[in-house]
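Engineer: Pasting in a structure now, in structure tokens, and then I'll have a few things to ask.
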Amino acid sequence: MMRLLLVLLIAARSVAEVAQWQAATVTDALKMGYQLVAADLNRDGRPDLIAVDERGTELAWYENPTWERHVIIKDVPRTINLDVYDYDGDGIPEIAMGYHFETAPEKSIGNVLILKSGSDPRQPWTAREIDRIPTVHRLRWIDLKGDGKKVLLVAPMIGAKATPPEYADNVPVYLYRPGVWQRELFTDRPRGILHSITPVRWQGRGEQLMTADFLGIRVFLAHGPVEIAKGDPRPCPQCGSSEIKIGHLGKRRFIAAIEPWHGNQVVVYTQEGRVWQRHVIEDAMVNGHALAVGDLDGDGRDEIVAGFRGPGFQLYIFTAADPGGTRWTRRVLDPGGIAAADCKIADFHGDGRPAIACSGASTANVKLYTPR
């Protein structure tokens, strides 16, 4: 009887938590959802969604609010990552993307493309190949000088000589200037699995690169990389950090992370003097991958959205339970409807309220969660 009562209480709590958000399906026709990018592609002021389908052969976007599907480019198998930036100022962002991704350098072509829309973004876009980088994995536009003119950073997942399970090799990050598209070495200091490269406004003017790899979390300043944290302290490959996002609790900055690589933990780092303290707020995920940070309730304090792709997959919202961000409470956003690989937070409805869009891996879907 006691066990039955406990089950009923847990079920009632899950229903109450989920009831605060209304879920809608954008698409359930992917093969294997991976990255999700929110960007206004048709100049109507509303963010649309670009869904990376790593087992498909087309890159497509979904038009807000009907979520009609439009093909950007065909014949791009194993697309893995992209980023958008309107470098020519025509109001429609260009797309930098990588495809033919594999985890072994000898099996990965790693094509890097620049995609440009014509006058109608609903029609197929034109493509220009600018490089080939085996295991190409992350692409990010970054404003290094703070002048609003971004350059492109492209990173493979591992170094050319890396082998599992330790992947003991350094990983390059390359830089490309729009219009020139000539490969320049930005840094070769990451090591192991380089899972995230993230532009951040850390200090001074412009953006700096933050990385998550087997060495942990570092930010690359003008004089070189500065270690923020070592990440998961276990031996590699269960080491370091995998996914990272910057958040704020009022004026206090924190770092949210999934650790280790595709790991079981959601971690929050808070700054105490010159030291960043590590707080594990979740440790039961399987193949953790989705991570987003944003102020969901308008109180000036960011929440964390995190989910995992492995068995028993769930999607969570974490809310800080103290001003410093050392303690967090967890709510279930989706108890089993999406094997979340990526999430984005944006005002998708134009009502001033943030909503959450997520892509599912084995569930092959994109879902939009709107506050009631």
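Starting from 1 in every chain, residues are counted up; chains themselves are A, B, ... following the order of the structure tokens, and ligands are numbered from 1 as listed.
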Give me, as number ranges by chain, all polymer residues having an atom no more than 6 Å from range 323-339 of chain A, counting only C-alpha atoms and skipping those fewer than 6 positions away in the same chain.
Structural biologist: A: 17-18, 309, 313-317, 360-361, 363
Engineer: With N, CA and C atoms retained, could you export that selection as an mmCIF file, in the first residue's frame?
Structural biologist:
data_model
loop_
_atom_site.group_PDB
_atom_site.id
_atom_site.type_symbol
_atom_site.label_atom_id
_atom_site.label_comp_id
_atom_site.auth_asym_id
_atom_site.auth_seq_id
_atom_site.Cartn_x
_atom_site.Cartn_y
_atom_site.Cartn_z
ATOM 1 N N GLU A 17 3.634 19.081 -12.931
ATOM 2 C CA GLU A 17 4.763 19.782 -13.503
ATOM 3 C C GLU A 17 4.579 19.987 -14.997
ATOM 4 N N VAL A 18 4.200 18.938 -15.710
ATOM 5 C CA VAL A 18 4.033 19.015 -17.148
ATOM 6 C C VAL A 18 2.889 19.951 -17.510
ATOM 7 N N ARG A 309 19.359 11.506 -24.088
ATOM 8 C CA ARG A 309 18.904 10.733 -25.243
ATOM 9 C C ARG A 309 18.831 9.245 -24.975
ATOM 10 N N PHE A 313 14.692 8.398 -21.350
ATOM 11 C CA PHE A 313 14.918 9.819 -21.633
ATOM 12 C C PHE A 313 13.810 10.708 -21.072
ATOM 13 N N GLN A 314 14.279 11.834 -20.501
ATOM 14 C CA GLN A 314 13.391 12.857 -19.964
ATOM 15 C C GLN A 314 13.978 14.233 -20.243
ATOM 16 N N LEU A 315 13.115 15.227 -20.127
ATOM 17 C CA LEU A 315 13.517 16.615 -20.327
ATOM 18 C C LEU A 315 13.149 17.392 -19.070
ATOM 19 N N TYR A 316 14.107 18.173 -18.545
ATOM 20 C CA TYR A 316 13.938 18.823 -17.257
ATOM 21 C C TYR A 316 14.087 20.337 -17.362
ATOM 22 N N ILE A 317 13.492 21.028 -16.372
ATOM 23 C CA ILE A 317 13.774 22.433 -16.108
ATOM 24 C C ILE A 317 14.326 22.531 -14.693
ATOM 25 N N GLY A 360 14.492 15.797 -31.031
ATOM 26 C CA GLY A 360 14.652 14.475 -30.453
ATOM 27 C C GLY A 360 15.482 13.563 -31.340
ATOM 28 N N ALA A 361 16.338 12.778 -30.715
ATOM 29 C CA ALA A 361 17.198 11.845 -31.447
ATOM 30 C C ALA A 361 16.397 10.617 -31.877
ATOM 31 N N THR A 363 13.557 9.675 -30.947
ATOM 32 C CA THR A 363 12.137 10.004 -31.119
ATOM 33 C C THR A 363 11.879 10.730 -32.436
#
Engineer: For Gly159 in chain A, list every protein, DNA or RNA residue within 9 Å, evaluated using only C-alpha atoms, and leave out those in the same chain fewer than 3 positions away; present the list as a PyMOL selection string.
Structural biologist: chain A and resi 105+135+156+162-163+167-172+191-194
Engineer: Counting only C-alpha atoms, which residues in range 34-94 of chain A sit no more than 12 Å from range 176-184 of chain A? For each one, give the nearest pair of atoms and the distance in Å, sorted by chain then residue number, as JSON lines.
Structural biologist:
{"residue": "A:Tyr85", "atom": "CA", "partner": "A:Pro178", "partner_atom": "CA", "distance": 10.3}
{"residue": "A:Asp86", "atom": "CA", "partner": "A:Pro178", "partner_atom": "CA", "distance": 10.4}
{"residue": "A:Tyr87", "atom": "CA", "partner": "A:Pro178", "partner_atom": "CA", "distance": 7.2}
{"residue": "A:Asp88", "atom": "CA", "partner": "A:Pro178", "partner_atom": "CA", "distance": 8.9}
{"residue": "A:Glu94", "atom": "CA", "partner": "A:Pro178", "partner_atom": "CA", "distance": 10.4}
Engineer: Please identify the helix (DSSP H, G or I) residues within range 18-231 of chain A (assignment by DSSP from backbone atoms) and present them as a VMD selection string.
Structural biologist: chain A and resid 18 105 to 107
Engineer: Next, the residues of the selection above should be written as a tab-separated table (two decimals), in the first residue's frame with N, CA, C and O atoms.
Structural biologist:
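The resulting file, again-v8.tsv, is reproduced below:
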chain	number	residue	atom	x	y	z
A	18	VAL	N	4.20	18.94	-15.71
A	18	VAL	CA	4.03	19.01	-17.15
A	18	VAL	C	2.89	19.95	-17.51
A	18	VAL	O	2.92	20.65	-18.53
A	105	PRO	N	38.49	9.82	-38.12
A	105	PRO	CA	38.98	10.72	-39.17
A	105	PRO	C	39.12	10.05	-40.54
A	105	PRO	O	38.84	10.68	-41.57
A	106	GLU	N	39.53	8.79	-40.57
A	106	GLU	CA	39.73	8.12	-41.85
A	106	GLU	C	38.43	7.82	-42.58
A	106	GLU	O	38.42	7.53	-43.78
A	107	LYS	N	37.29	7.92	-41.88
A	107	LYS	CA	35.99	7.66	-42.49
A	107	LYS	C	35.18	8.93	-42.72
A	107	LYS	O	34.07	8.87	-43.24
Engineer: List every residue of range 48-219 of chain A that DSSP, applied to the backbone of this structure, assigns to strand (DSSP E), and report them as a PyMOL selection string.
Structural biologist: chain A and resi 48-53+59-63+68-73+81-85+94-99+111-116+126-132+136-142+151-156+173-176+184-187+196-200+208-213+216-219
Engineer: Fewer than 2 positions away in the same chain doesn't count, so skip those; otherwise give me all residues within 10 Å of Leu185 in chain A, counting only C-alpha atoms, as number ranges by chain.
Structural biologist: A: 153-154, 172-176, 183, 187-188
Engineer: Take the residues just selected and output them with N, CA and C atoms as a PDB file, in the first residue's frame.
Structural biologist:
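This is the output file selection_39.pdb:
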ATOM      1  N   LEU A 153      34.331  30.182 -36.833  1.00  0.00           N
ATOM      2  CA  LEU A 153      35.198  29.181 -36.211  1.00  0.00           C
ATOM      3  C   LEU A 153      34.643  27.799 -36.519  1.00  0.00           C
ATOM      4  N   VAL A 154      35.526  26.888 -36.903  1.00  0.00           N
ATOM      5  CA  VAL A 154      35.138  25.519 -37.227  1.00  0.00           C
ATOM      6  C   VAL A 154      36.071  24.568 -36.494  1.00  0.00           C
ATOM      7  N   PRO A 172      42.416  21.021 -33.335  1.00  0.00           N
ATOM      8  CA  PRO A 172      42.501  22.394 -33.843  1.00  0.00           C
ATOM      9  C   PRO A 172      41.136  23.061 -33.942  1.00  0.00           C
ATOM     10  N   VAL A 173      41.131  24.372 -33.815  1.00  0.00           N
ATOM     11  CA  VAL A 173      39.971  25.198 -34.142  1.00  0.00           C
ATOM     12  C   VAL A 173      40.426  26.158 -35.233  1.00  0.00           C
ATOM     13  N   TYR A 174      39.703  26.169 -36.346  1.00  0.00           N
ATOM     14  CA  TYR A 174      40.093  26.979 -37.494  1.00  0.00           C
ATOM     15  C   TYR A 174      39.212  28.216 -37.626  1.00  0.00           C
ATOM     16  N   LEU A 175      39.774  29.273 -38.214  1.00  0.00           N
ATOM     17  CA  LEU A 175      39.079  30.545 -38.413  1.00  0.00           C
ATOM     18  C   LEU A 175      38.990  30.847 -39.903  1.00  0.00           C
ATOM     19  N   TYR A 176      37.817  31.371 -40.320  1.00  0.00           N
ATOM     20  CA  TYR A 176      37.590  31.763 -41.711  1.00  0.00           C
ATOM     21  C   TYR A 176      36.953  33.148 -41.727  1.00  0.00           C
ATOM     22  N   ARG A 183      41.519  28.997 -44.656  1.00  0.00           N
ATOM     23  CA  ARG A 183      41.708  28.391 -43.329  1.00  0.00           C
ATOM     24  C   ARG A 183      42.871  29.037 -42.588  1.00  0.00           C
ATOM     25  N   THR A 187      43.433  28.077 -32.759  1.00  0.00           N
ATOM     26  CA  THR A 187      44.119  27.457 -31.621  1.00  0.00           C
ATOM     27  C   THR A 187      44.203  25.959 -31.850  1.00  0.00           C
ATOM     28  N   ASP A 188      45.193  25.332 -31.251  1.00  0.00           N
ATOM     29  CA  ASP A 188      45.276  23.872 -31.241  1.00  0.00           C
ATOM     30  C   ASP A 188      45.433  23.363 -29.811  1.00  0.00           C
TER      31      ASP A 188
END
Engineer: Between CA of Val267 in chain A and CA of Ala229 in chain A, what is the spacing in Å?
Structural biologist: 11.2 Å
Engineer: Would you please work out which residue, of A:Asp283, A:Glu129, A:Asp297, A:Asp75, is nearest to Ala355 in chain A when using only C-alpha atoms?
Structural biologist: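 Under the stated criterion, the closest residue is A:Asp297.
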Engineer: Between CA of Lys149 in chain A and CA of Pro199 in chain A, what distance in Å does the model show, to one decimal?
Structural biologist: 13.6 Å
Engineer: So, with only C-alpha atoms as the atoms that count, which of A:Glu58, A:Glu227, A:Asp342, A:Glu63 lies closest to Ala357 in chain A?
Structural biologist: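 Nearest to Ala357 in chain A: A:Asp342.
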Engineer: Between A:His349, A:His195, A:Arg205, A:Lys116, which one has atoms that come closest to Gly45 in chain A, using only C-alpha atoms?
Structural biologist: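 Going through A:His349, A:His195, A:Arg205, A:Lys116 one by one, the smallest distance to Gly45 in chain A is for A:His349.
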Engineer: Distance CA of Thr66 in chain A-CA of Asn42 in chain A, one decimal place?
Structural biologist: 13.1 Å
Engineer: Rank A:Arg353, A:His289, A:Arg122, A:Lys230 by their smallest atom-to-atom distance to Asp213 in chain A, using only C-alpha atoms, and report the top residue only.
Structural biologist: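 Among the listed residues, A:Lys230 lies closest to Asp213 in chain A.
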